[in-house]
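Coordinates as given in query_24.json (JSON, C-alpha atoms and all ligand atoms):
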[["chain", "number", "residue", "atom", "x", "y", "z"],
["A", 54, "MET", "CA", 89.91, 208.86, 83.34],
["A", 55, "SER", "CA", 89.37, 210.91, 80.12],
["A", 56, "SER", "CA", 91.87, 213.63, 79.23],
["A", 57, "GLY", "CA", 89.13, 215.76, 77.61],
["A", 58, "ASN", "CA", 90.63, 215.43, 74.10],
["A", 59, "GLY", "CA", 89.66, 211.84, 73.43],
["A", 60, "GLY", "CA", 92.71, 210.19, 75.05],
["A", 61, "THR", "CA", 92.96, 208.60, 78.45],
["A", 62, "VAL", "CA", 95.20, 209.75, 81.27],
["A", 63, "THR", "CA", 96.61, 207.29, 83.77],
["A", 64, "GLU", "CA", 96.12, 208.31, 87.40],
["A", 65, "PRO", "CA", 99.44, 209.17, 89.04],
["A", 66, "ARG", "CA", 100.43, 206.66, 91.72],
["A", 67, "ALA", "CA", 102.73, 206.69, 94.72],
["A", 68, "ALA", "CA", 106.08, 205.05, 93.96],
["A", 69, "ASP", "CA", 108.90, 203.66, 96.09],
["A", 70, "GLY", "CA", 111.11, 206.64, 97.02],
["A", 71, "ASP", "CA", 108.36, 209.30, 96.69],
["A", 72, "LEU", "CA", 107.69, 211.83, 99.39],
["A", 73, "ALA", "CA", 104.19, 211.20, 100.77],
["A", 74, "LEU", "CA", 101.75, 212.78, 103.19],
["A", 75, "VAL", "CA", 99.34, 210.57, 105.13],
["A", 76, "ILE", "CA", 96.51, 212.13, 107.11],
["A", 77, "GLY", "CA", 94.42, 210.33, 109.73],
["A", 78, "GLN", "CA", 90.74, 210.98, 110.44],
["A", 79, "ASP", "CA", 91.79, 213.08, 113.43],
["A", 80, "GLY", "CA", 93.72, 215.40, 111.06],
["A", 81, "LYS", "CA", 97.17, 214.24, 112.28],
["A", 82, "ARG", "CA", 99.68, 214.46, 109.42],
["A", 83, "PHE", "CA", 102.84, 212.48, 108.68],
["A", 84, "ILE", "CA", 105.35, 213.24, 105.92],
["A", 85, "LEU", "CA", 107.48, 210.26, 104.94],
["A", 86, "ARG", "CA", 109.64, 208.95, 102.14],
["A", 87, "LEU", "CA", 108.10, 205.72, 100.84],
["A", 88, "ALA", "CA", 110.41, 202.71, 101.15],
["A", 89, "ALA", "CA", 109.40, 199.11, 100.43],
["A", 90, "ASP", "CA", 109.11, 196.75, 103.42],
["A", 91, "THR", "CA", 109.11, 199.52, 106.04],
["A", 92, "GLU", "CA", 106.37, 200.71, 108.37],
["A", 93, "LEU", "CA", 105.04, 203.98, 109.77],
["A", 94, "GLN", "CA", 104.18, 203.74, 113.47],
["A", 95, "THR", "CA", 101.32, 206.07, 114.41],
["A", 96, "HIS", "CA", 99.09, 206.59, 117.46],
["A", 97, "ARG", "CA", 96.29, 205.03, 115.37],
["A", 98, "GLY", "CA", 98.13, 201.89, 114.34],
["A", 99, "VAL", "CA", 100.89, 200.76, 111.98],
["A", 100, "ILE", "CA", 100.78, 201.60, 108.26],
["A", 101, "ALA", "CA", 102.84, 199.40, 105.92],
["A", 102, "HIS", "CA", 104.60, 201.41, 103.19],
["A", 103, "ASN", "CA", 103.89, 198.46, 100.86],
["A", 104, "ASP", "CA", 100.16, 199.34, 101.17],
["A", 105, "LEU", "CA", 100.89, 202.88, 99.99],
["A", 106, "ILE", "CA", 103.38, 202.11, 97.18],
["A", 107, "GLY", "CA", 101.44, 201.71, 93.94],
["A", 108, "ALA", "CA", 98.26, 203.31, 95.36],
["A", 109, "GLU", "CA", 96.62, 206.24, 93.57],
["A", 110, "TRP", "CA", 97.34, 209.60, 95.17],
["A", 111, "GLY", "CA", 94.19, 210.52, 97.08],
["A", 112, "ALA", "CA", 93.49, 206.88, 98.00],
["A", 113, "THR", "CA", 92.35, 205.80, 101.47],
["A", 114, "ARG", "CA", 94.31, 203.03, 103.19],
["A", 115, "HIS", "CA", 93.99, 201.52, 106.68],
["A", 116, "SER", "CA", 96.34, 200.98, 109.61],
["A", 117, "HIS", "CA", 96.62, 197.50, 111.17],
["A", 118, "LEU", "CA", 93.87, 198.64, 113.59],
["A", 119, "GLY", "CA", 91.51, 199.27, 110.63],
["A", 120, "LEU", "CA", 91.65, 203.08, 110.99],
["A", 121, "PRO", "CA", 91.63, 205.06, 107.71],
["A", 122, "TYR", "CA", 94.41, 207.26, 106.32],
["A", 123, "VAL", "CA", 94.38, 209.39, 103.16],
["A", 124, "LEU", "CA", 97.50, 209.30, 100.97],
["A", 125, "LEU", "CA", 98.55, 212.58, 99.30],
["A", 126, "GLN", "CA", 101.56, 214.27, 97.73],
["A", 127, "PRO", "CA", 102.71, 216.94, 100.21],
["A", 128, "SER", "CA", 102.63, 220.56, 99.09],
["A", 129, "LEU", "CA", 105.63, 222.79, 99.80],
["A", 130, "ASP", "CA", 103.88, 224.58, 102.68],
["A", 131, "GLU", "CA", 103.10, 221.24, 104.36],
["A", 132, "ILE", "CA", 106.72, 220.18, 103.94],
["A", 133, "LEU", "CA", 107.98, 223.43, 105.44],
["A", 134, "LEU", "CA", 105.75, 223.19, 108.50],
["A", 135, "HIS", "CA", 107.10, 219.68, 109.16],
["A", 136, "LEU", "CA", 110.80, 220.63, 109.03],
["A", 137, "LYS", "CA", 112.89, 219.89, 112.10],
["A", 138, "ARG", "CA", 113.70, 223.28, 113.62],
["A", 139, "ARG", "CA", 115.99, 224.77, 116.20],
["A", 140, "SER", "CA", 115.34, 228.41, 115.32],
["A", 141, "GLN", "CA", 112.35, 230.52, 114.38],
["A", 142, "ILE", "CA", 111.59, 229.63, 110.74],
["A", 143, "ILE", "CA", 109.98, 231.79, 108.09],
["A", 144, "PHE", "CA", 106.38, 230.65, 107.75],
["A", 145, "PRO", "CA", 104.79, 229.68, 104.43],
["A", 146, "LYS", "CA", 102.49, 232.73, 104.39],
["A", 147, "ASP", "CA", 105.56, 235.00, 104.34],
["A", 148, "LEU", "CA", 107.67, 232.67, 102.19],
["A", 149, "GLY", "CA", 105.22, 232.74, 99.30],
["A", 150, "TYR", "CA", 105.41, 236.51, 99.00],
["A", 151, "ILE", "CA", 109.19, 236.55, 99.59],
["A", 152, "LEU", "CA", 109.69, 234.16, 96.65],
["A", 153, "LEU", "CA", 107.63, 236.46, 94.41],
["A", 154, "ARG", "CA", 109.38, 239.66, 95.51],
["A", 155, "LEU", "CA", 112.84, 238.10, 95.09],
["A", 156, "ALA", "CA", 111.63, 236.87, 91.68],
["A", 157, "ILE", "CA", 112.94, 233.37, 92.40],
["A", 158, "ARG", "CA", 112.96, 231.37, 89.18],
["A", 159, "PRO", "CA", 114.86, 228.44, 87.67],
["A", 160, "GLY", "CA", 118.54, 229.16, 87.10],
["A", 161, "MET", "CA", 118.85, 232.29, 89.21],
["A", 162, "ARG", "CA", 121.64, 233.27, 91.60],
["A", 163, "VAL", "CA", 120.40, 233.88, 95.13],
["A", 164, "ALA", "CA", 121.81, 233.94, 98.68],
["A", 165, "GLU", "CA", 120.41, 234.03, 102.20],
["A", 166, "ALA", "CA", 121.81, 234.77, 105.65],
["A", 167, "GLY", "CA", 121.32, 233.16, 108.11],
["A", 168, "THR", "CA", 120.54, 229.62, 107.26],
["A", 169, "GLY", "CA", 118.80, 228.81, 110.58],
["A", 170, "SER", "CA", 116.75, 225.62, 110.31],
["A", 171, "GLY", "CA", 116.65, 225.98, 106.52],
["A", 172, "ALA", "CA", 112.99, 226.74, 105.79],
["A", 173, "LEU", "CA", 113.83, 229.51, 103.32],
["A", 174, "THR", "CA", 116.74, 227.39, 102.03],
["A", 175, "VAL", "CA", 114.32, 224.59, 101.13],
["A", 176, "ALA", "CA", 111.94, 227.02, 99.40],
["A", 177, "LEU", "CA", 114.77, 228.63, 97.42],
["A", 178, "ALA", "CA", 116.23, 225.26, 96.37],
["A", 179, "TRP", "CA", 112.77, 224.01, 95.37],
["A", 180, "MET", "CA", 112.01, 227.09, 93.23],
["A", 181, "ALA", "CA", 115.47, 227.84, 91.76],
["A", 182, "GLY", "CA", 115.64, 224.26, 90.51],
["A", 183, "PRO", "CA", 118.66, 222.12, 89.58],
["A", 184, "GLN", "CA", 120.16, 224.90, 87.39],
["A", 185, "GLY", "CA", 119.82, 227.51, 90.12],
["A", 186, "GLU", "CA", 122.63, 228.75, 92.34],
["A", 187, "VAL", "CA", 121.51, 228.94, 95.97],
["A", 188, "HIS", "CA", 124.00, 230.07, 98.65],
["A", 189, "SER", "CA", 123.19, 229.82, 102.34],
["A", 190, "ILE", "CA", 125.34, 231.54, 104.95],
["A", 191, "ASP", "CA", 125.41, 231.13, 108.73],
["A", 192, "ARG", "CA", 128.04, 231.50, 111.42],
["A", 193, "ARG", "CA", 126.76, 228.47, 113.38],
["A", 194, "THR", "CA", 127.79, 224.94, 112.36],
["A", 195, "ASP", "CA", 124.87, 223.32, 114.22],
["A", 196, "MET", "CA", 122.36, 225.36, 112.22],
["A", 197, "GLN", "CA", 123.91, 224.43, 108.89],
["A", 198, "GLU", "CA", 124.01, 220.75, 109.86],
["A", 199, "LEU", "CA", 120.30, 220.85, 110.67],
["A", 200, "ALA", "CA", 119.48, 222.66, 107.42],
["A", 201, "ARG", "CA", 121.59, 220.18, 105.45],
["A", 202, "ALA", "CA", 119.69, 217.28, 107.05],
["A", 203, "ASN", "CA", 116.34, 218.95, 106.26],
["A", 204, "LEU", "CA", 117.37, 219.41, 102.61],
["A", 205, "ALA", "CA", 118.71, 215.84, 102.37],
["A", 206, "ARG", "CA", 115.39, 214.44, 103.61],
["A", 207, "LEU", "CA", 113.77, 216.18, 100.61],
["A", 208, "GLY", "CA", 116.50, 215.25, 98.11],
["A", 209, "LEU", "CA", 117.43, 218.94, 97.62],
["A", 210, "GLN", "CA", 120.94, 218.90, 99.18],
["A", 211, "ASP", "CA", 122.78, 219.20, 95.83],
["A", 212, "ARG", "CA", 121.09, 222.49, 95.00],
["A", 213, "VAL", "CA", 122.59, 224.53, 97.88],
["A", 214, "THR", "CA", 126.13, 225.69, 98.70],
["A", 215, "PHE", "CA", 126.65, 226.37, 102.41],
["A", 216, "HIS", "CA", 129.13, 228.96, 103.70],
["A", 217, "LEU", "CA", 130.11, 228.95, 107.36],
["A", 218, "LEU", "CA", 130.98, 232.56, 108.18],
["A", 219, "ASP", "CA", 129.88, 235.81, 109.77],
["A", 220, "ILE", "CA", 128.50, 238.19, 107.15],
["A", 221, "ALA", "CA", 130.21, 241.06, 108.98],
["A", 222, "ASP", "CA", 133.28, 239.80, 107.05],
["A", 223, "GLY", "CA", 131.46, 240.18, 103.71],
["A", 224, "PHE", "CA", 129.65, 237.76, 101.40],
["A", 225, "PRO", "CA", 131.67, 235.05, 99.64],
["A", 226, "ILE", "CA", 129.79, 235.61, 96.33],
["A", 227, "GLN", "CA", 129.08, 238.65, 94.18],
["A", 228, "GLY", "CA", 126.75, 239.44, 91.28],
["A", 229, "LEU", "CA", 123.67, 238.06, 93.06],
["A", 230, "ASP", "CA", 120.20, 238.51, 91.60],
["A", 231, "ALA", "CA", 118.68, 238.44, 95.08],
["A", 232, "LEU", "CA", 119.72, 238.31, 98.73],
["A", 233, "PHE", "CA", 117.57, 237.68, 101.78],
["A", 234, "LEU", "CA", 118.59, 238.55, 105.34],
["A", 235, "ASP", "CA", 116.89, 236.78, 108.26],
["A", 236, "LEU", "CA", 118.96, 237.83, 111.24],
["A", 237, "PRO", "CA", 118.35, 240.39, 114.00],
["A", 238, "ASP", "CA", 120.52, 243.30, 112.77],
["A", 239, "PRO", "CA", 120.48, 243.46, 108.93],
["A", 240, "HIS", "CA", 121.12, 247.24, 109.07],
["A", 241, "ASN", "CA", 124.69, 246.42, 110.17],
["A", 242, "TYR", "CA", 125.48, 244.52, 106.92],
["A", 243, "LEU", "CA", 124.12, 246.76, 104.16],
["A", 244, "LEU", "CA", 127.51, 247.68, 102.75],
["A", 245, "GLN", "CA", 128.35, 243.96, 102.45],
["A", 246, "ALA", "CA", 124.88, 243.25, 100.98],
["A", 247, "ARG", "CA", 125.24, 246.02, 98.38],
["A", 248, "GLN", "CA", 128.63, 244.61, 97.31],
["A", 249, "ALA", "CA", 127.15, 241.12, 96.89],
["A", 250, "LEU", "CA", 124.20, 242.19, 94.70],
["A", 251, "HIS", "CA", 124.44, 243.30, 91.09],
["A", 252, "GLY", "CA", 122.85, 246.64, 90.16],
["A", 253, "GLY", "CA", 119.07, 246.25, 90.27],
["A", 254, "GLY", "CA", 119.32, 243.13, 92.45],
["A", 255, "VAL", "CA", 116.68, 242.60, 95.14],
["A", 256, "LEU", "CA", 117.35, 242.70, 98.86],
["A", 257, "GLY", "CA", 114.76, 241.31, 101.27],
["A", 258, "ALA", "CA", 114.61, 240.98, 105.05],
["A", 259, "ILE", "CA", 112.21, 239.81, 107.73],
["A", 260, "LEU", "CA", 112.16, 241.41, 111.17],
["A", 261, "PRO", "CA", 109.89, 240.85, 114.17],
["A", 262, "THR", "CA", 109.80, 244.41, 115.57],
["A", 263, "ALA", "CA", 109.08, 247.85, 114.12],
["A", 264, "ASN", "CA", 112.19, 249.47, 115.64],
["A", 265, "GLN", "CA", 114.41, 246.96, 113.79],
["A", 266, "VAL", "CA", 112.57, 247.94, 110.60],
["A", 267, "SER", "CA", 113.21, 251.66, 111.26],
["A", 268, "SER", "CA", 116.96, 251.01, 111.59],
["A", 269, "LEU", "CA", 116.96, 248.99, 108.37],
["A", 270, "VAL", "CA", 114.99, 251.53, 106.32],
["A", 271, "GLU", "CA", 117.27, 254.33, 107.51],
["A", 272, "GLY", "CA", 120.35, 252.30, 106.51],
["A", 273, "LEU", "CA", 118.90, 251.33, 103.11],
["A", 274, "ASP", "CA", 118.43, 255.00, 102.23],
["A", 275, "GLN", "CA", 122.07, 255.71, 103.03],
["A", 276, "GLN", "CA", 123.66, 252.63, 101.40],
["A", 277, "GLY", "CA", 122.59, 252.81, 97.77],
["A", 278, "PHE", "CA", 119.19, 251.09, 97.82],
["A", 279, "SER", "CA", 115.89, 252.39, 96.47],
["A", 280, "GLN", "CA", 112.26, 251.25, 95.94],
["A", 281, "ILE", "CA", 111.97, 250.43, 99.64],
["A", 282, "ASP", "CA", 108.80, 248.63, 100.71],
["A", 283, "VAL", "CA", 107.67, 247.48, 104.14],
["A", 284, "CYS", "CA", 104.66, 245.19, 104.55],
["A", 285, "GLU", "CA", 103.26, 242.36, 106.60],
["A", 286, "ILE", "CA", 101.14, 239.42, 105.51],
["A", 287, "LEU", "CA", 98.01, 238.58, 107.47],
["A", 288, "GLN", "CA", 96.48, 235.16, 106.91],
["A", 289, "ARG", "CA", 93.20, 234.00, 108.42],
["A", 290, "PHE", "CA", 91.85, 230.47, 108.05],
["A", 291, "TYR", "CA", 88.16, 229.59, 108.04],
["A", 292, "LYS", "CA", 86.23, 226.70, 109.52],
["A", 293, "THR", "CA", 85.14, 224.70, 106.49],
["A", 294, "ILE", "CA", 81.58, 223.95, 107.60],
["A", 295, "PRO", "CA", 79.42, 225.15, 104.68],
["A", 296, "ALA", "CA", 76.38, 226.03, 106.81],
["A", 297, "ARG", "CA", 78.46, 227.93, 109.37],
["A", 298, "LEU", "CA", 81.37, 229.36, 107.39],
["A", 299, "ARG", "CA", 83.37, 231.63, 109.70],
["A", 300, "PRO", "CA", 86.97, 232.34, 110.70],
["A", 301, "VAL", "CA", 88.71, 229.93, 113.07],
["A", 302, "ASP", "CA", 88.85, 231.16, 116.68],
["A", 303, "ARG", "CA", 92.61, 231.71, 116.80],
["A", 304, "MET", "CA", 95.10, 233.05, 114.31],
["A", 305, "VAL", "CA", 98.81, 233.81, 114.18],
["A", 306, "ALA", "CA", 98.56, 237.58, 114.46],
["A", 307, "HIS", "CA", 102.21, 238.43, 113.85],
["A", 308, "THR", "CA", 105.27, 236.72, 112.43],
["A", 309, "GLY", "CA", 107.39, 239.55, 111.05],
["A", 310, "TYR", "CA", 107.59, 242.65, 108.91],
["A", 311, "LEU", "CA", 108.91, 242.14, 105.40],
["A", 312, "VAL", "CA", 111.27, 244.72, 103.90],
["A", 313, "PHE", "CA", 112.30, 244.82, 100.23],
["A", 314, "ALA", "CA", 114.60, 247.17, 98.30],
["A", 315, "ARG", "CA", 116.52, 247.30, 95.02],
["A", 316, "ALA", "CA", 120.27, 247.89, 94.73],
["A", 317, "LEU", "CA", 121.08, 251.03, 92.73],
["A", 318, "ALA", "CA", 123.94, 250.95, 90.23],
["A", 319, "PRO", "CA", 126.59, 253.63, 90.95],
["A", 320, "MET", "CA", 126.03, 256.95, 89.11],
["A", 321, "LEU", "CA", 128.46, 257.33, 86.19],
["A", 322, "GLY", "CA", 128.78, 261.11, 86.45],
["A", 323, "PRO", "CA", 126.74, 264.22, 87.18],
["A", 324, "ALA", "CA", 123.18, 264.43, 85.80],
["A", 325, "PRO", "CA", 122.93, 266.30, 82.43],
["A", 326, "GLN", "CA", 121.97, 269.98, 82.84],
["A", 327, "THR", "CA", 118.73, 270.24, 80.81],
["A", 328, "GLY", "CA", 117.13, 272.97, 82.85],
["A", 329, "ALA", "CA", 114.01, 270.81, 83.34],
["A", 330, "ARG", "CA", 112.33, 271.10, 86.72],
["A", 331, "GLU", "CA", 110.10, 268.44, 88.27],
["A", 332, "SER", "CA", 107.29, 271.02, 88.58],
["A", 333, "ASP", "CA", 107.32, 271.46, 84.73],
["A", 334, "LEU", "CA", 106.65, 267.78, 84.04],
["A", 335, "ASP", "CA", 103.19, 266.47, 83.14],
["A", 336, "LEU", "CA", 103.09, 263.90, 85.91],
["A", 337, "ASP", "CA", 99.50, 262.88, 85.05],
["A", 338, "ALA", "CA", 100.80, 261.43, 81.77],
["A", 339, "THR", "CA", 102.61, 258.63, 83.61],
["A", 340, "GLN", "CA", 100.49, 255.82, 84.94],
["A", 341, "PRO", "CA", 101.82, 252.95, 87.03],
["A", 342, "ILE", "CA", 101.38, 249.53, 85.40],
["A", 343, "GLY", "CA", 98.27, 247.81, 86.68],
["A", 344, "GLU", "CA", 96.57, 250.97, 87.91],
["A", 345, "GLU", "CA", 93.28, 251.62, 86.10],
["A", 346, "GLU", "CA", 92.46, 255.04, 84.74],
["A", 347, "GLN", "CA", 89.49, 256.59, 86.60],
["A", 348, "GLY", "CA", 86.33, 257.82, 84.87],
["B", 1, "LIG", "C1", 116.09, 233.14, 112.60],
["B", 1, "LIG", "S1", 117.45, 232.17, 112.04],
["B", 1, "LIG", "C2", 117.12, 232.05, 110.30],
["B", 1, "LIG", "C3", 115.93, 231.15, 110.01],
["B", 1, "LIG", "C4", 115.80, 230.73, 108.57],
["B", 1, "LIG", "N1", 115.56, 231.85, 107.66],
["B", 1, "LIG", "C5", 114.69, 229.70, 108.40],
["B", 1, "LIG", "O1", 113.67, 230.00, 107.73],
["B", 1, "LIG", "O2", 114.79, 228.59, 108.92],
["B", 1, "LIG", "C6", 118.78, 233.34, 112.11],
["B", 1, "LIG", "C7", 120.15, 232.74, 111.81],
["B", 1, "LIG", "O3", 121.04, 233.82, 111.53],
["B", 1, "LIG", "C8", 122.34, 233.45, 111.97],
["B", 1, "LIG", "N2", 123.12, 234.69, 112.09],
["B", 1, "LIG", "C9", 122.87, 235.74, 112.92],
["B", 1, "LIG", "N3", 123.77, 236.71, 112.71],
["B", 1, "LIG", "C10", 124.63, 236.27, 111.74],
["B", 1, "LIG", "C11", 125.78, 236.82, 111.10],
["B", 1, "LIG", "N4", 126.24, 238.02, 111.42],
["B", 1, "LIG", "N5", 126.40, 236.08, 110.13],
["B", 1, "LIG", "C12", 125.94, 234.86, 109.80],
["B", 1, "LIG", "N6", 124.87, 234.28, 110.38],
["B", 1, "LIG", "C13", 124.20, 234.97, 111.33],
["B", 1, "LIG", "C14", 122.07, 232.71, 113.29],
["B", 1, "LIG", "O4", 123.16, 231.85, 113.61],
["B", 1, "LIG", "C15", 120.77, 231.96, 112.97],
["B", 1, "LIG", "O5", 121.02, 230.64, 112.58]]

Please go through the file and, once you have read it, give me the structure as structure tokens.
Ligand SMILES: C[S@@+](CC[C@H](N)C(=O)[O-])C[C@H]1O[C@@H](n2cnc3c(N)ncnc32)[C@H](O)[C@@H]1O
Amino acid sequence: MSSGNGGTVTEPRAADGDLALVIGQDGKRFILRLAADTELQTHRGVIAHNDLIGAEWGATRHSHLGLPYVLLQPSLDEILLHLKRRSQIIFPKDLGYILLRLAIRPGMRVAEAGTGSGALTVALAWMAGPQGEVHSIDRRTDMQELARANLARLGLQDRVTFHLLDIADGFPIQGLDALFLDLPDPHNYLLQARQALHGGGVLGAILPTANQVSSLVEGLDQQGFSQIDVCEILQRFYKTIPARLRPVDRMVAHTGYLVFARALAPMLGPAPQTGARESDLDLDATQPIGEEEQG
């Protein structure tokens, strides 16, 4: 293959120890860690890992019954949908936006409660990288064991510190850049959340019902948070038949409402008395970033 600047680029190949995705003709997907001399048993025959190791990503291989499988590197959303779960997980469509709103980046300091099955934990560990500091809190041992196992399967276990506690007793870390709450009553823990975040830090939450959101928004107003946003993410897939392109018949209509807010730093004293009134200001002179001027 040409690199476009005169040199040649070698095609990346699957190696022993890599995470791989194999997809049969019927669309059935398997995520596995490649290991020499082992086999994947499927409903369409046995696939030898040795046939996959050394193959180009994107290659087609066959089971012992002669049925074809495509070999790919799994994307993060495919990995998340294949996690073992014992609780409702946050789905990739919501996770993508959560990662952006929490501004997750290498090296940052972030926490979540609760851990649950660890879907968000995996996404945070993946994005915050080896230098990041990811804390995951839950009051249930069984949940943290499951999340630990899910992380270990992906080789991400060293990137997360687990804390077994009830957040009603406060967070074990302070000075966080971001904190995400995925539990039924986040409005009950806003004082603790505010103490854990540094000024300007981002708080996020996901909630299935609108009345839970009302309680949270009311609490955020009272507990030193601002820039409150509530939204939901709708995602609709399409049938990929070029001549009859149209939405699929069924969609997931609702997962949860997303709520985001920023922690305010405490006021250092009374506001200076300048005599200026809001009605005197030329508000048209300020234009939000990204908003185009009309006309
Ligand atoms: C829906 S699950 C979280 C799912 C997770 N975000 C995921 O994507 O897999 C909610 C978790 O919150 C935990 N939890 C609920 N209230 C809690 C509290 N006060 N302190 C700590 N953990 C709590 C529960 O034990 C449960 O595991």

Practice item. Could you please determine the separation between CA of His135 in chain A and CA of Thr262 in chain A in Å, to one decimal place? Key: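 About the pair CA of His135 in chain A and CA of Thr262 in chain A: they are 25.7 Å apart.
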
Review point. Using all atoms listed in the file, which of A:Thr113, A:Thr308, A:Thr327, A:Thr214 sits nearest Gly185 in chain A?
Key: A:Thr214

Point to revise | Selection near range 119-126 of chain A, 8 Å with only C-alpha atoms, sequence-local residues under 3 positions removed, as a ChimeraX atom specification | key: /A:72-78,97-98,105,110-116

Review point. Using only C-alpha atoms and all ligand atoms, which residue out of A:Ile259, A:Val163, A:Ile157, A:Leu250 lies closest to ligand LIG 1 (chain B)?
Key: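 Smallest distance to ligand LIG 1 (chain B) is found for A:Ile259.
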
Practice item. Select the residues contacting ligand LIG 1 (chain B) at a distance of at most 8 Å, based on all atoms listed in the file, then format the selection as a PyMOL selection string. Key: chain A and resi 138+140-144+165-174+190-193+196-197+200+217-221+234-238+242

Review point. Could you name the residues that touch Val301 in chain A at 7 Å or less, counting all atoms listed in the file, but leaving out those on the same chain fewer than 2 positions away, as a list in words?
Key: Phe290, Tyr291, Lys292, Arg299 and Arg303 of chain A

With C-alpha atoms retained, write the just-selected residues as a PDB file, keeping the file's coordinate frame.
ATOM      1  CA  PHE A 290      91.850 230.470 108.050  1.00  0.00           C
ATOM      2  CA  TYR A 291      88.160 229.590 108.040  1.00  0.00           C
ATOM      3  CA  LYS A 292      86.230 226.700 109.520  1.00  0.00           C
ATOM      4  CA  ARG A 299      83.370 231.630 109.700  1.00  0.00           C
ATOM      5  CA  ARG A 303      92.610 231.710 116.800  1.00  0.00           C
TER       6      ARG A 303
END

Check your understanding: Distance CA of Gly254 in chain A-CA of Ala314 in chain A, one decimal place?
Key -> 8.5 Å

Point to revise | Residue with smallest distance to Ala316 in chain A - pool A:Ile151, A:Leu256, A:Leu133, A:Ala164, counting only C-alpha atoms | key: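 Going through A:Ile151, A:Leu256, A:Leu133, A:Ala164 one by one, the smallest distance to Ala316 in chain A is for A:Leu256.
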
Point to revise | Within 12 Å of Leu153 in chain A using all atoms listed in the file, minus same-chain residues under 6 positions, as an MDAnalysis selection string | key: chainID A and resid 146:147 176:177 180:181 231 255 257 313

Revision key, fill the gap. If you count only C-alpha atoms, the residue of A:His251, A:Arg162, A:Arg154, A:Arg139 closest to Leu311 in chain A turns out to be A:Arg154

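Excluding Pro319 in chain A and any residue on its chain fewer than 5 positions from it, the residues at most 12 Å away by only C-alpha atoms are Arg247, Gln248, His251, Gly252, Gly253, Gln276, Gly277 and Phe278 of chain A.
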
Selection from above, C-alpha atoms, as an mmCIF file, in the coordinates of the input, can you write it?
data_model
loop_
_atom_site.group_PDB
_atom_site.id
_atom_site.type_symbol
_atom_site.label_atom_id
_atom_site.label_comp_id
_atom_site.auth_asym_id
_atom_site.auth_seq_id
_atom_site.Cartn_x
_atom_site.Cartn_y
_atom_site.Cartn_z
ATOM 1 C CA ARG A 247 125.240 246.020 98.380
ATOM 2 C CA GLN A 248 128.630 244.610 97.310
ATOM 3 C CA HIS A 251 124.440 243.300 91.090
ATOM 4 C CA GLY A 252 122.850 246.640 90.160
ATOM 5 C CA GLY A 253 119.070 246.250 90.270
ATOM 6 C CA GLN A 276 123.660 252.630 101.400
ATOM 7 C CA GLY A 277 122.590 252.810 97.770
ATOM 8 C CA PHE A 278 119.190 251.090 97.820
#

Practice item. Using CA of Ser267 in chain A and CA of Asp282 in chain A as the two end points, give the distance in Å to one decimal. Key: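 Answer for the CA of Ser267 in chain A to CA of Asp282 in chain A separation: 11.8 Å.
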
Point to revise | All residues 8 Å or closer to His240 in chain A, only C-alpha atoms, same chain fewer than 4 positions away omitted, as number ranges by chain | key: A: 268-270, 272-273

Review point. Quick one: of A:Met320, A:Leu148, A:Ala89, A:Leu155, who's nearest to Ala67 in chain A, counting only C-alpha atoms?
Key: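 Smallest separation from Ala67 in chain A among the options: A:Ala89.
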
Practice item. Using all atoms listed in the file, find the one residue out of A:Leu317, A:Ala205, A:Thr293, A:Asp195 that sits nearest to Ala246 in chain A. Key: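 With all atoms listed in the file as the atom set, the closest residue is A:Leu317.
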